[in-house]
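Step one of this worksheet: look at the structure below.
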Amino acid sequence: MRKVFSFKAEGRHPDRVLDAVKHEIRKYLKRERRRVLPEGTDFWDFDCRFGLEKDSAEVVLLSTLIAQVDAAAKGGAEHAYVEILARAAQRPPRPPRAEGEDDADDAADDQLNDEDALP
């Protein structure tokens with residue numbers, strides 16, 4: 001999705017326009033996550049860009065995108081450019097745990113359980 005969102009609409013309260021913009025972004029993300037994943041991938045990752053103009057858009061994390069939109073609207077911007085591109089990705093495998101790490105975690109869990117059992 002590449003879109004310029006306007007924060008001002010005649011006859012509508014600015015807070016409701018902002019809510020509609022955020023809702024549209026969330027709705028797009030939800031729709032993209034429902035798509036079938038290609039073979040060999042685990043999840044949908046999103047490459048996001050945000051800026052007041054298309055030319056000045058910067059890469060942002062998905063987790064901060066809504067906050068960026070909110071800050072732009074509260075800062076008095078009339079419009080903002082949002083770009084969200086979905087791509088299938090695969091999580092890297094977890095590194096194998098060393099045997100010492102497992103024992104330390106188990107010992108800590110046992111100690112917590114022993115303390116809970118005291119009268």
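The way I read the labels, and the way they are meant: chains A, B, ... in the order of the structure tokens, residue 1 as the first residue of every chain, and ligand 1 as the first ligand shown, with later ones counted on from there.
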Discussion item. Taking 5 positions as the minimum chain separation for residues in the same chain, which residues sit within 12 Å of Glu78 in chain A when counting only C-alpha atoms? Answer as a ChimeraX atom specification.
Written reply: /A:4-9,14,17-18,51-53,69,71-73
Written file, previous selection with N, CA and C atoms, as a tab-separated table (two decimals), in the first residue's frame:
chain	number	residue	atom	x	y	z
A	4	VAL	N	-1.18	8.55	0.25
A	4	VAL	CA	-1.09	9.82	0.97
A	4	VAL	C	-2.42	9.98	1.70
A	5	PHE	N	-2.34	10.01	3.02
A	5	PHE	CA	-3.53	10.16	3.84
A	5	PHE	C	-3.69	11.63	4.21
A	6	SER	N	-4.91	12.12	4.07
A	6	SER	CA	-5.24	13.48	4.46
A	6	SER	C	-5.82	13.46	5.87
A	7	PHE	N	-5.36	14.38	6.70
A	7	PHE	CA	-5.84	14.45	8.08
A	7	PHE	C	-6.96	15.47	8.25
A	8	LYS	N	-7.32	16.16	7.19
A	8	LYS	CA	-8.37	17.17	7.27
A	8	LYS	C	-9.44	16.83	6.24
A	9	ALA	N	-10.66	16.72	6.72
A	9	ALA	CA	-11.80	16.49	5.83
A	9	ALA	C	-12.91	17.44	6.25
A	14	PRO	N	-11.33	16.29	13.26
A	14	PRO	CA	-9.97	15.79	12.98
A	14	PRO	C	-9.62	14.49	13.71
A	17	VAL	N	-11.08	11.63	11.72
A	17	VAL	CA	-10.31	11.40	10.49
A	17	VAL	C	-9.05	10.62	10.82
A	18	LEU	N	-8.38	10.99	11.91
A	18	LEU	CA	-7.18	10.28	12.34
A	18	LEU	C	-7.51	8.83	12.68
A	51	GLY	N	6.43	9.54	5.91
A	51	GLY	CA	6.91	10.90	5.79
A	51	GLY	C	5.78	11.85	5.48
A	52	LEU	N	6.05	13.13	5.61
A	52	LEU	CA	5.02	14.12	5.28
A	52	LEU	C	4.85	14.24	3.77
A	53	GLU	N	5.91	13.93	3.03
A	53	GLU	CA	5.87	13.90	1.57
A	53	GLU	C	6.46	12.58	1.10
A	69	VAL	N	2.16	8.25	12.63
A	69	VAL	CA	0.97	8.86	12.04
A	69	VAL	C	0.29	9.76	13.07
A	71	ALA	N	1.63	11.22	15.70
A	71	ALA	CA	2.46	12.40	15.97
A	71	ALA	C	2.35	13.43	14.84
A	72	ALA	N	2.30	12.96	13.60
A	72	ALA	CA	2.18	13.88	12.47
A	72	ALA	C	0.85	14.62	12.52
A	73	ALA	N	-0.22	13.90	12.82
A	73	ALA	CA	-1.54	14.53	12.88
A	73	ALA	C	-1.62	15.52	14.04
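Every residue of chain A with a DSSP assignment of strand (DSSP E), taken from the backbone, is listed as Arg2, Lys3, Val4, Phe5, Ser6, Phe43, Trp44, Asp45, Phe46, Asp47, Cys48, Arg49, Phe50, Gly51, Glu58, Val59, Val60, His79, Ala80, Tyr81, Val82, Glu83, Ile84, Leu85, Ala86, Arg87, Ala88 and Ala89 of chain A.
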Rows by chain and residue number, range 52-73 of chain A within 12 Å of range 36-46 of chain A, shortest pair, only C-alpha atoms, as a Markdown table:
| residue | atom | partner | partner_atom | distance |
| --- | --- | --- | --- | --- |
| A:Val59 | CA | A:Phe46 | CA | 10.9 |
| A:Val60 | CA | A:Phe46 | CA | 10.1 |
| A:Leu61 | CA | A:Phe46 | CA | 8.5 |
| A:Leu62 | CA | A:Phe46 | CA | 6.8 |
| A:Ser63 | CA | A:Phe46 | CA | 10.2 |
| A:Leu65 | CA | A:Phe46 | CA | 10.9 |
Worksheet item: Looking only at the backbone, which of the residues in chain A does DSSP tag as alpha helix (DSSP H), as a ChimeraX atom specification?
Response: /A:14-34,62-74,99-117
Discussion item. What's the separation between CA of Asp55 in chain A and CA of Leu29 in chain A, in Å to one decimal place?
Written reply: 23.2 Å
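For the choices A:Thr64, A:Asp70, A:Gly76, A:Asp47, the atom-to-atom distance to Ala88 in chain A is smallest for A:Asp47 when using only C-alpha atoms.
With only C-alpha atoms as the atoms that count, the residue of A:Arg2, A:Arg16, A:Lys22, A:Lys54 with the shortest distance to Ala86 in chain A is A:Arg2.
In terms of minimum interatomic distance to Asp15 in chain A, A:Lys74 ranks closest within A:Phe50, A:Ala57, A:Lys27, A:Lys74, counting only C-alpha atoms.
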